[in-house]
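Containing compact mmCIF, C-alpha atoms (C1' of nucleotides): run.txt.
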```
# COMPACT_ATOMS: atom_id res chain seq x y z
CA MET A 12 0.00 0.00 0.00
CA ARG A 13 1.16 3.50 -0.78
CA ILE A 14 -0.02 6.52 1.19
CA ALA A 15 0.76 10.02 -0.08
CA THR A 16 0.17 13.48 1.34
CA TRP A 17 0.02 16.79 -0.52
CA ASN A 18 -0.89 20.33 0.45
CA VAL A 19 -2.46 21.44 -2.83
CA ASN A 20 -3.12 25.11 -1.91
CA SER A 21 -6.65 25.15 -3.39
CA LEU A 22 -8.18 22.04 -4.90
CA ASN A 23 -10.19 24.23 -7.29
CA VAL A 24 -6.99 25.42 -8.89
CA ARG A 25 -5.03 22.19 -8.48
CA LEU A 26 -7.63 19.56 -9.47
CA PRO A 27 -6.00 19.04 -12.90
CA HIS A 28 -2.63 18.55 -11.18
CA VAL A 29 -4.13 16.06 -8.73
CA LEU A 30 -5.85 14.05 -11.46
CA ASP A 31 -2.68 13.99 -13.53
CA TRP A 32 -0.59 13.01 -10.50
CA LEU A 33 -2.93 10.16 -9.54
CA GLU A 34 -2.82 8.80 -13.06
CA ARG A 35 0.97 8.61 -12.87
CA ASN A 36 1.01 7.59 -9.18
CA PRO A 37 -1.94 5.28 -8.53
CA VAL A 38 -1.47 5.26 -4.76
CA GLU A 39 -4.10 3.66 -2.54
CA VAL A 40 -4.45 6.83 -0.46
CA LEU A 41 -3.80 10.50 -1.21
CA ALA A 42 -4.31 12.88 1.70
CA LEU A 43 -4.90 16.51 0.72
CA GLN A 44 -4.60 19.70 2.72
CA GLU A 45 -5.69 23.28 2.02
CA THR A 46 -8.46 22.21 -0.32
CA LYS A 47 -10.11 25.60 0.38
CA VAL A 48 -13.46 24.32 -0.84
CA ALA A 49 -16.82 23.99 0.92
CA ASP A 50 -18.23 20.46 1.06
CA ASP A 51 -21.09 21.18 -1.34
CA ARG A 52 -18.58 22.27 -3.98
CA PHE A 53 -16.05 19.46 -3.52
CA PRO A 54 -15.16 17.83 -6.89
CA ALA A 55 -16.16 14.34 -5.71
CA ALA A 56 -17.55 13.24 -9.09
CA GLU A 57 -14.37 14.13 -11.00
CA LEU A 58 -12.27 12.19 -8.50
CA GLU A 59 -14.66 9.25 -8.55
CA ALA A 60 -14.36 9.17 -12.35
CA ALA A 61 -10.59 8.96 -11.84
CA GLY A 62 -11.05 5.95 -9.57
CA TYR A 63 -10.98 7.56 -6.12
CA ARG A 64 -13.57 8.01 -3.41
CA ALA A 65 -13.15 11.24 -1.48
CA HIS A 66 -13.77 11.67 2.25
CA PHE A 67 -13.51 15.34 3.09
CA ILE A 68 -14.27 18.19 5.42
CA GLY A 69 -13.76 21.73 4.19
CA GLN A 70 -14.69 25.37 4.19
CA LYS A 71 -14.33 28.14 1.66
CA THR A 72 -11.13 30.19 1.39
CA TYR A 73 -9.10 28.48 4.11
CA ASN A 74 -8.08 25.04 5.37
CA GLY A 75 -9.97 21.92 4.27
CA VAL A 76 -8.68 18.34 4.15
CA ALA A 77 -9.53 15.17 2.21
CA LEU A 78 -8.63 11.50 2.00
CA LEU A 79 -8.79 10.15 -1.54
CA VAL A 80 -9.01 6.37 -1.48
CA ARG A 81 -8.87 4.04 -4.49
CA LEU A 82 -12.31 2.59 -5.17
CA ALA A 83 -11.11 -1.00 -4.74
CA THR A 84 -9.57 -0.23 -1.33
CA PRO A 85 -11.87 -0.60 1.69
CA ALA A 86 -12.33 2.50 3.83
CA SER A 87 -14.51 2.84 6.91
CA ALA A 88 -15.05 4.77 10.15
CA ILE A 89 -14.62 8.23 8.64
CA VAL A 90 -14.16 10.87 11.34
CA ALA A 91 -13.78 14.63 10.85
CA ASP A 92 -11.94 17.02 13.19
CA ILE A 93 -10.30 16.23 16.54
CA PRO A 94 -13.22 14.91 18.60
CA GLY A 95 -13.68 16.92 21.78
CA PHE A 96 -11.52 19.82 20.61
CA GLU A 97 -13.45 22.99 19.91
CA ASP A 98 -12.28 24.29 16.52
CA ASP A 99 -14.09 26.10 13.70
CA GLN A 100 -11.30 25.33 11.25
CA LYS A 101 -11.46 22.20 9.14
CA ARG A 102 -8.08 20.56 9.58
CA VAL A 103 -8.45 16.82 10.23
CA VAL A 104 -10.07 13.81 8.58
CA SER A 105 -9.44 10.16 9.45
CA ALA A 106 -10.40 6.75 8.12
CA THR A 107 -9.50 3.11 8.53
CA ILE A 108 -8.12 2.07 5.16
CA ASP A 109 -7.25 -1.54 4.45
CA GLY A 110 -6.73 -2.14 8.17
CA VAL A 111 -4.61 0.97 8.76
CA ARG A 112 -5.92 4.01 10.62
CA VAL A 113 -4.94 7.02 8.49
CA VAL A 114 -5.16 10.53 9.92
CA CYS A 115 -4.80 13.52 7.58
CA VAL A 116 -3.86 16.75 9.33
CA TYR A 117 -3.35 20.37 8.37
CA VAL A 118 -1.56 21.86 11.37
CA PRO A 119 -2.07 25.64 11.78
CA ASN A 120 0.62 27.82 10.25
CA GLY A 121 1.19 29.95 13.34
CA GLN A 122 1.94 33.13 11.37
CA ALA A 123 4.58 34.55 13.73
CA VAL A 124 6.14 33.50 17.02
CA GLY A 125 4.23 35.12 19.87
CA SER A 126 1.09 35.86 17.83
CA ASP A 127 -2.41 34.66 18.68
CA LYS A 128 -2.17 32.25 15.76
CA TYR A 129 1.06 30.86 17.16
CA ALA A 130 -0.62 30.21 20.52
CA TYR A 131 -3.50 28.53 18.66
CA LYS A 132 -1.00 26.35 16.77
CA LEU A 133 0.65 25.13 19.99
CA ARG A 134 -2.73 24.53 21.64
CA TRP A 135 -3.88 22.67 18.54
CA MET A 136 -0.77 20.46 18.42
CA SER A 137 -1.19 19.62 22.09
CA ALA A 138 -4.80 18.56 21.50
CA LEU A 139 -3.69 16.52 18.49
CA LYS A 140 -1.10 14.71 20.60
CA ASP A 141 -3.60 13.84 23.36
CA TRP A 142 -6.14 12.60 20.85
CA LEU A 143 -3.60 10.57 18.85
CA ALA A 144 -2.32 8.92 22.03
CA ALA A 145 -5.85 7.64 22.66
CA GLU A 146 -6.31 6.67 19.01
CA LEU A 147 -3.10 4.66 19.08
CA VAL A 148 -4.51 2.46 21.84
CA VAL A 149 -7.54 1.64 19.67
CA HIS A 150 -5.63 1.55 16.37
CA PRO A 151 -2.07 0.23 16.82
CA LYS A 152 -1.51 0.48 13.06
CA LEU A 153 -1.63 4.26 12.82
CA VAL A 154 -0.27 6.56 10.09
CA VAL A 155 -0.53 10.32 10.55
CA VAL A 156 0.17 12.34 7.42
CA GLY A 157 -0.09 15.94 6.39
CA ASP A 158 1.23 19.45 6.51
CA PHE A 159 2.62 19.81 10.03
CA ASN A 160 4.01 23.29 9.44
CA VAL A 161 7.09 22.38 11.48
CA ALA A 162 10.61 21.71 10.19
CA PRO A 163 11.79 19.14 12.77
CA GLU A 164 15.53 19.79 12.61
CA ASP A 165 18.04 22.19 11.12
CA ARG A 166 18.78 19.73 8.32
CA ASP A 167 15.16 20.22 7.25
CA VAL A 168 15.82 23.92 6.64
CA HIS A 169 17.76 25.42 3.71
CA ASP A 170 19.23 28.20 5.84
CA PRO A 171 18.98 27.29 9.54
CA ALA A 172 20.66 30.50 10.70
CA ALA A 173 18.13 32.68 8.86
CA TRP A 174 15.21 30.62 10.16
CA GLU A 175 16.42 30.15 13.72
CA GLY A 176 13.61 30.88 16.16
CA GLN A 177 11.21 31.79 13.34
CA VAL A 178 7.76 30.30 12.95
CA LEU A 179 7.91 26.73 11.54
CA CYS A 180 11.32 26.28 13.18
CA SER A 181 10.96 27.60 16.74
CA ALA A 182 11.91 25.45 19.72
CA ALA A 183 8.33 25.28 21.03
CA GLU A 184 7.01 24.05 17.68
CA ARG A 185 9.76 21.46 17.39
CA ASP A 186 9.06 20.36 20.96
CA ALA A 187 5.36 20.03 20.11
CA LEU A 188 6.17 17.83 17.11
CA ARG A 189 8.57 15.73 19.19
CA ALA A 190 5.84 15.35 21.82
CA ILE A 191 3.53 13.96 19.14
CA GLU A 192 6.24 11.54 18.04
CA SER A 193 6.92 10.57 21.66
CA ILE A 194 3.57 8.78 21.95
CA GLY A 195 4.95 6.18 19.54
CA LEU A 196 5.15 7.70 16.07
CA ALA A 197 8.25 7.86 13.88
CA ASP A 198 9.09 10.24 11.03
CA ALA A 199 9.00 7.81 8.08
CA PHE A 200 11.23 10.03 5.96
CA ARG A 201 14.09 9.60 8.42
CA LEU A 202 13.81 5.82 8.50
CA PHE A 203 15.70 5.90 5.21
CA GLU A 204 18.83 7.39 3.71
CA GLN A 205 17.87 10.71 2.11
CA PRO A 206 19.73 13.25 0.01
CA PRO A 207 20.71 16.43 1.87
CA GLY A 208 18.54 19.41 1.04
CA SER A 209 15.34 17.36 0.90
CA PHE A 210 12.38 19.69 1.34
CA THR A 211 8.61 19.63 0.77
CA TRP A 212 7.81 23.34 0.56
CA TRP A 213 9.43 26.21 -1.30
CA ASP A 214 8.31 29.85 -1.18
CA TYR A 215 6.71 31.11 -4.37
CA ARG A 216 8.80 34.27 -3.97
CA MET A 217 12.49 34.83 -4.52
CA LEU A 218 12.77 31.90 -6.93
CA GLY A 219 12.69 29.77 -3.80
CA PHE A 220 12.41 26.45 -5.61
CA GLN A 221 14.96 27.22 -8.30
CA LYS A 222 17.44 28.22 -5.60
CA GLY A 223 16.68 25.19 -3.45
CA ARG A 224 15.49 27.36 -0.59
CA GLY A 225 12.89 25.16 1.06
CA LEU A 226 11.71 23.53 4.26
CA ARG A 227 10.61 19.99 5.09
CA ILE A 228 7.29 20.54 6.83
CA ASP A 229 5.05 17.82 5.33
CA HIS A 230 5.42 14.52 7.12
CA VAL A 231 4.38 10.88 7.37
CA LEU A 232 4.41 9.58 10.95
CA VAL A 233 4.15 5.82 11.49
CA SER A 234 3.34 3.87 14.64
CA ASP A 235 5.58 1.07 15.93
CA ALA A 236 3.12 -1.59 14.71
CA ILE A 237 3.44 -0.49 11.07
CA ARG A 238 6.91 0.99 11.06
CA SER A 239 8.67 -2.22 10.03
CA ALA A 240 6.30 -2.55 7.05
CA CYS A 241 7.34 0.87 5.73
CA THR A 242 9.81 0.27 2.90
CA ALA A 243 10.24 3.76 1.45
CA CYS A 244 9.41 7.43 1.91
CA THR A 245 10.15 9.96 -0.80
CA VAL A 246 9.33 13.51 -1.88
CA ASP A 247 8.03 14.03 -5.43
CA ARG A 248 10.07 17.15 -6.01
CA ASP A 249 9.35 17.17 -9.74
CA GLU A 250 5.75 18.17 -9.09
CA ARG A 251 6.98 21.56 -7.87
CA LYS A 252 8.56 22.20 -11.29
CA LYS A 253 5.23 22.11 -13.10
CA LYS A 254 3.24 25.02 -14.42
CA GLN A 255 1.13 26.75 -11.73
CA PRO A 256 2.29 24.36 -9.01
CA SER A 257 1.30 24.14 -5.39
CA ASP A 258 4.07 25.50 -3.20
CA HIS A 259 4.22 22.04 -1.56
CA ALA A 260 5.35 18.77 -3.14
CA PRO A 261 3.75 15.37 -2.47
CA VAL A 262 5.35 12.96 0.00
CA ILE A 263 4.83 9.23 -0.66
CA ALA A 264 5.28 6.37 1.82
CA THR A 265 5.28 2.73 0.71
CA PHE A 266 4.16 -0.15 2.94
CA ALA A 267 4.63 -3.88 2.41
CA SER A 268 1.37 -5.77 2.88
C1' DA B 23 17.79 46.63 -0.61
C1' DT B 24 14.49 42.48 4.45
C1' DG B 25 11.00 43.04 -0.92
C1' DG B 26 9.76 39.46 -3.97
C1' DC B 27 4.34 35.06 -5.05
C1' DA B 28 -0.29 32.90 -5.22
C1' DA B 29 -5.24 32.22 -3.94
C1' DT B 30 -9.34 34.11 -2.16
C1' DG B 31 -13.30 37.11 -1.28
C1' DT B 32 -14.43 41.43 1.35
C1' DT B 33 -11.94 42.19 -5.37
C1' DT B 34 -8.71 46.14 -8.19
C1' DC B 35 -6.91 45.78 -2.20
C1' DA B 36 -6.55 43.22 2.27
C1' DT B 37 -5.66 38.91 4.24
C1' DT B 38 -3.35 34.67 4.67
C1' DG B 39 -0.04 31.36 3.91
C1' DA B 40 4.97 29.56 5.19
```
How would this structure read if it were set down as structure tokens?
Amino acid sequence: MRIATWNVNSLNVRLPHVLDWLERNPVEVLALQETKVADDRFPAAELEAAGYRAHFIGQKTYNGVALLVRLATPASAIVADIPGFEDDQKRVVSATIDGVRVVCVYVPNGQAVGSDKYAYKLRWMSALKDWLAAELVVHPKLVVVGDFNVAPEDRDVHDPAAWEGQVLCSAAERDALRAIESIGLADAFRLFEQPPGSFTWWDYRMLGFQKGRGLRIDHVLVSDAIRSACTACTVDRDERKKKQPSDHAPVIATFAS
DNA sequence: ATGGCAATGTTTCATTGA
């Protein structure tokens, strides 16, 4: 089974990219973030025609997440949001897919260290951790994917000195991500040898991609019970080269069945 | 030189993202 995650920065704009990508990468699961589309306008029919059932929760303009699952792959127990956590923003959708609990998250950006949005981000990550810890008890085979908006280490940052202490890289955010991992989740990307300068997001400005100035902020976290089945985790950097790309590239994890 | 891009709705700017 292959599980991919991709912040598409508007599914309305990126639907052709997604359909094209799925045709070339017929993964069992594609988790999307920043769909920016209300549920009654979600392009479910187009995706179904491409062979994928969509499970989604969204809102206009901001946020919005989806799990696209191949029609032949069983999916059940769809849950939206973090149960018990009061939040107007649509950032989480989960499903049990072929025996694996898959959680798709869009962690808040945080805007700037010390801002209200930063406080919300830390509160949100804490709630996510508590909820995932309980989920892990019920679902030992757990995979949490998405845009975490945190670069875990300096090697995940093109210019660590310039980013030191900034939002996405601050100590409190890194601690919050480590706390999530501490419940029993491993960063699948780091289970394998990776080229230096591997990133998942590049700023649209300043020729960020062309200059290799990026961050690794999109992640696949795997529980102990499924970790040994994970055989690869890669970034599809080529997608960022395309015309009118998302500023994020897809991340793909492969699991032996 | 500390900007720069892209998407969206409140649209011809302001807001947000990262």
Tell me, counting all atoms listed in the file, for each residue of chain A within 10 Å of chain B, which pair of atoms is nearest and how far apart they are in Å to one decimal, in rows ordered by chain and increasing number, as CSV.
```
residue,atom,partner,partner_atom,distance
A:Asn20,CA,B:DA29,C1',7.7
A:Ser21,CA,B:DA29,C1',7.2
A:Asn23,CA,B:DA29,C1',10.0
A:Val24,CA,B:DA29,C1',8.6
A:Lys47,CA,B:DT30,C1',8.9
A:Lys71,CA,B:DT30,C1',8.7
A:Thr72,CA,B:DT30,C1',5.6
A:Tyr73,CA,B:DT30,C1',8.4
A:Pro119,CA,B:DG39,C1',9.9
A:Asn120,CA,B:DA40,C1',6.9
A:Gly121,CA,B:DA40,C1',9.0
A:Gln122,CA,B:DA40,C1',7.8
A:Ala123,CA,B:DA40,C1',9.9
A:Asn160,CA,B:DA40,C1',7.6
A:Val161,CA,B:DA40,C1',9.8
A:Val178,CA,B:DA40,C1',8.3
A:Leu179,CA,B:DA40,C1',7.5
A:Trp212,CA,B:DA40,C1',8.3
A:Trp213,CA,B:DA40,C1',8.6
A:Asp214,CA,B:DA40,C1',7.2
A:Tyr215,CA,B:DC27,C1',4.7
A:Arg216,CA,B:DC27,C1',4.7
A:Met217,CA,B:DG26,C1',5.4
A:Leu218,CA,B:DG26,C1',8.7
A:Gly219,CA,B:DC27,C1',10.0
A:Gly225,CA,B:DA40,C1',10.0
A:Leu226,CA,B:DA40,C1',9.1
A:Ile228,CA,B:DA40,C1',9.5
A:Gln255,CA,B:DA28,C1',9.1
A:Pro256,CA,B:DA28,C1',9.7
A:Ser257,CA,B:DA28,C1',8.9
A:Asp258,CA,B:DA28,C1',8.8
```
As a check of understanding: the span from atom CA of Ala65 of chain A to atom CA of Val103 of chain A is 13.8 Å
Using all atoms listed in the file, the residue out of A:Ala190, A:Arg185, A:Ser105, A:Pro207 with shortest distance to Ser137 of chain A is A:Ala190
Report as a CSV table (one decimal) with C-alpha atoms, keeping the file's coordinate frame all protein, DNA and RNA residues lying within 8 Å of Phe266 of chain A, evaluated on only C-alpha atoms (C1' of nucleotides), omitting residues in the same chain fewer than 3 positions from it.
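around-v1.csv, written as the output of this step:
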```csv
chain,number,residue,atom,x,y,z
A,12,MET,CA,0.0,0.0,0.0
A,13,ARG,CA,1.2,3.5,-0.8
A,240,ALA,CA,6.3,-2.6,7.0
A,241,CYS,CA,7.3,0.9,5.7
A,242,THR,CA,9.8,0.3,2.9
A,243,ALA,CA,10.2,3.8,1.4
```
Practice prompt. May I have the residues within 9 Å of Val76 of chain A as a PyMOL selection string, using only C-alpha atoms (C1' of nucleotides) and disregarding those fewer than 2 positions away in the same chain?
Written response: chain A and resi 18+42-47+66-69+74+78+101-104+115-117
Excluding Ala60 of chain A and residues on its chain fewer than 2 positions from it, collect all residues at most 12 Å away from it, counting all atoms listed in the file, and give them as a PDB file with C-alpha atoms, keeping the file's coordinate frame.
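Now in around-v4.pdb:
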```pdb
ATOM      1  CA  LEU A  30      -5.850  14.050 -11.460  1.00  0.00           C
ATOM      2  CA  LEU A  33      -2.930  10.160  -9.540  1.00  0.00           C
ATOM      3  CA  GLU A  34      -2.820   8.800 -13.060  1.00  0.00           C
ATOM      4  CA  PRO A  54     -15.160  17.830  -6.890  1.00  0.00           C
ATOM      5  CA  ALA A  55     -16.160  14.340  -5.710  1.00  0.00           C
ATOM      6  CA  ALA A  56     -17.550  13.240  -9.090  1.00  0.00           C
ATOM      7  CA  GLU A  57     -14.370  14.130 -11.000  1.00  0.00           C
ATOM      8  CA  LEU A  58     -12.270  12.190  -8.500  1.00  0.00           C
ATOM      9  CA  GLY A  62     -11.050   5.950  -9.570  1.00  0.00           C
ATOM     10  CA  TYR A  63     -10.980   7.560  -6.120  1.00  0.00           C
ATOM     11  CA  ARG A  64     -13.570   8.010  -3.410  1.00  0.00           C
ATOM     12  CA  ALA A  65     -13.150  11.240  -1.480  1.00  0.00           C
ATOM     13  CA  ARG A  81      -8.870   4.040  -4.490  1.00  0.00           C
ATOM     14  CA  LEU A  82     -12.310   2.590  -5.170  1.00  0.00           C
TER      15      LEU A  82
END
```
For Cys244 of chain A, which residue out of A:Ala267, A:Ala199, A:Leu188, A:Cys180 is the nearest one, using only C-alpha atoms?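 The shortest atom-to-atom distance to Cys244 of chain A comes from A:Ala199.
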| request: Could you tell me how far atom CA of Thr107 of chain A lies from atom CA of Val246 of chain A, in Å and to one decimal? | output: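 Calculated distance between atom CA of Thr107 of chain A and atom CA of Val246 of chain A is 23.9 Å.
The gap separating atom CA of Trp174 of chain A from atom CA of Ile263 of chain A is 26.1 Å, in Å to one decimal.
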Would you list the contacts of Asp229 of chain A as an mmCIF file with C-alpha atoms, keeping the file's coordinate frame, taking every protein, DNA or RNA residue within 8 Å and counting all atoms listed in the file, but skipping same-chain residues closer than 3 positions in sequence?
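Full text of selection-v1.cif as output:
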```cif
data_model
loop_
_atom_site.group_PDB
_atom_site.id
_atom_site.type_symbol
_atom_site.label_atom_id
_atom_site.label_comp_id
_atom_site.auth_asym_id
_atom_site.auth_seq_id
_atom_site.Cartn_x
_atom_site.Cartn_y
_atom_site.Cartn_z
ATOM 1 C CA THR A 16 0.170 13.480 1.340
ATOM 2 C CA TRP A 17 0.020 16.790 -0.520
ATOM 3 C CA VAL A 156 0.170 12.340 7.420
ATOM 4 C CA GLY A 157 -0.090 15.940 6.390
ATOM 5 C CA ASP A 158 1.230 19.450 6.510
ATOM 6 C CA PHE A 159 2.620 19.810 10.030
ATOM 7 C CA ASN A 160 4.010 23.290 9.440
ATOM 8 C CA VAL A 161 7.090 22.380 11.480
ATOM 9 C CA THR A 211 8.610 19.630 0.770
ATOM 10 C CA TRP A 212 7.810 23.340 0.560
ATOM 11 C CA VAL A 262 5.350 12.960 0.000
#
```
Atoms added to segment 182-213 of chain A (N, CA and C atoms), reported as a short mmCIF file (atom, residue, chain, number, x, y, z; two decimals), in the frame of the given file:
```
data_model
loop_
_atom_site.label_atom_id
_atom_site.label_comp_id
_atom_site.auth_asym_id
_atom_site.auth_seq_id
_atom_site.Cartn_x
_atom_site.Cartn_y
_atom_site.Cartn_z
N ALA A 182 11.71 26.55 18.78
CA ALA A 182 11.91 25.45 19.72
C ALA A 182 10.57 24.88 20.21
N ALA A 183 9.62 25.76 20.51
CA ALA A 183 8.33 25.28 21.03
C ALA A 183 7.59 24.44 20.00
N GLU A 184 7.67 24.84 18.74
CA GLU A 184 7.01 24.05 17.68
C GLU A 184 7.70 22.70 17.51
N ARG A 185 9.02 22.72 17.52
CA ARG A 185 9.76 21.46 17.39
C ARG A 185 9.49 20.55 18.59
N ASP A 186 9.41 21.14 19.77
CA ASP A 186 9.06 20.36 20.96
C ASP A 186 7.67 19.74 20.81
N ALA A 187 6.74 20.53 20.27
CA ALA A 187 5.36 20.03 20.11
C ALA A 187 5.31 18.86 19.13
N LEU A 188 6.11 18.94 18.07
CA LEU A 188 6.17 17.83 17.11
C LEU A 188 6.83 16.60 17.75
N ARG A 189 7.90 16.84 18.49
CA ARG A 189 8.57 15.73 19.19
C ARG A 189 7.63 15.08 20.20
N ALA A 190 6.81 15.89 20.84
CA ALA A 190 5.84 15.35 21.82
C ALA A 190 4.85 14.42 21.12
N ILE A 191 4.43 14.82 19.92
CA ILE A 191 3.53 13.96 19.14
C ILE A 191 4.23 12.65 18.80
N GLU A 192 5.49 12.75 18.39
CA GLU A 192 6.24 11.54 18.04
C GLU A 192 6.48 10.66 19.27
N SER A 193 6.58 11.29 20.44
CA SER A 193 6.92 10.57 21.66
C SER A 193 5.84 9.59 22.11
N ILE A 194 4.63 9.73 21.58
CA ILE A 194 3.57 8.78 21.95
C ILE A 194 3.75 7.45 21.24
N GLY A 195 4.68 7.42 20.27
CA GLY A 195 4.95 6.18 19.54
C GLY A 195 4.80 6.31 18.04
N LEU A 196 5.23 7.45 17.51
CA LEU A 196 5.15 7.70 16.07
C LEU A 196 6.54 8.12 15.57
N ALA A 197 6.93 7.55 14.44
CA ALA A 197 8.25 7.86 13.88
C ALA A 197 8.11 8.59 12.55
N ASP A 198 9.03 9.50 12.30
CA ASP A 198 9.09 10.24 11.03
C ASP A 198 9.58 9.29 9.94
N ALA A 199 8.66 8.84 9.08
CA ALA A 199 9.00 7.81 8.08
C ALA A 199 10.13 8.25 7.16
N PHE A 200 10.19 9.52 6.87
CA PHE A 200 11.23 10.03 5.96
C PHE A 200 12.63 9.73 6.49
N ARG A 201 12.78 9.81 7.81
CA ARG A 201 14.09 9.60 8.42
C ARG A 201 14.40 8.14 8.75
N LEU A 202 13.50 7.25 8.37
CA LEU A 202 13.81 5.82 8.50
C LEU A 202 14.75 5.39 7.39
N PHE A 203 14.94 6.27 6.40
CA PHE A 203 15.70 5.90 5.21
C PHE A 203 16.78 6.94 4.92
N GLU A 204 17.78 6.47 4.19
CA GLU A 204 18.83 7.39 3.71
C GLU A 204 18.17 8.41 2.78
N GLN A 205 18.49 9.69 2.95
CA GLN A 205 17.87 10.71 2.11
C GLN A 205 18.94 11.69 1.63
N PRO A 206 18.77 12.24 0.46
CA PRO A 206 19.73 13.25 0.01
C PRO A 206 19.64 14.50 0.87
N PRO A 207 20.77 15.16 1.13
CA PRO A 207 20.71 16.43 1.87
C PRO A 207 19.94 17.47 1.05
N GLY A 208 19.33 18.40 1.75
CA GLY A 208 18.54 19.41 1.04
C GLY A 208 17.22 18.86 0.53
N SER A 209 16.66 17.89 1.26
CA SER A 209 15.34 17.36 0.90
C SER A 209 14.26 18.20 1.59
N PHE A 210 13.43 18.84 0.79
CA PHE A 210 12.38 19.69 1.34
C PHE A 210 11.03 19.33 0.72
N THR A 211 9.95 19.89 1.31
CA THR A 211 8.61 19.63 0.77
C THR A 211 7.89 20.92 0.42
N TRP A 212 8.44 22.04 0.84
CA TRP A 212 7.81 23.34 0.56
C TRP A 212 8.88 24.35 0.16
N TRP A 213 8.54 25.14 -0.84
CA TRP A 213 9.43 26.21 -1.30
C TRP A 213 8.57 27.46 -1.53
#
```
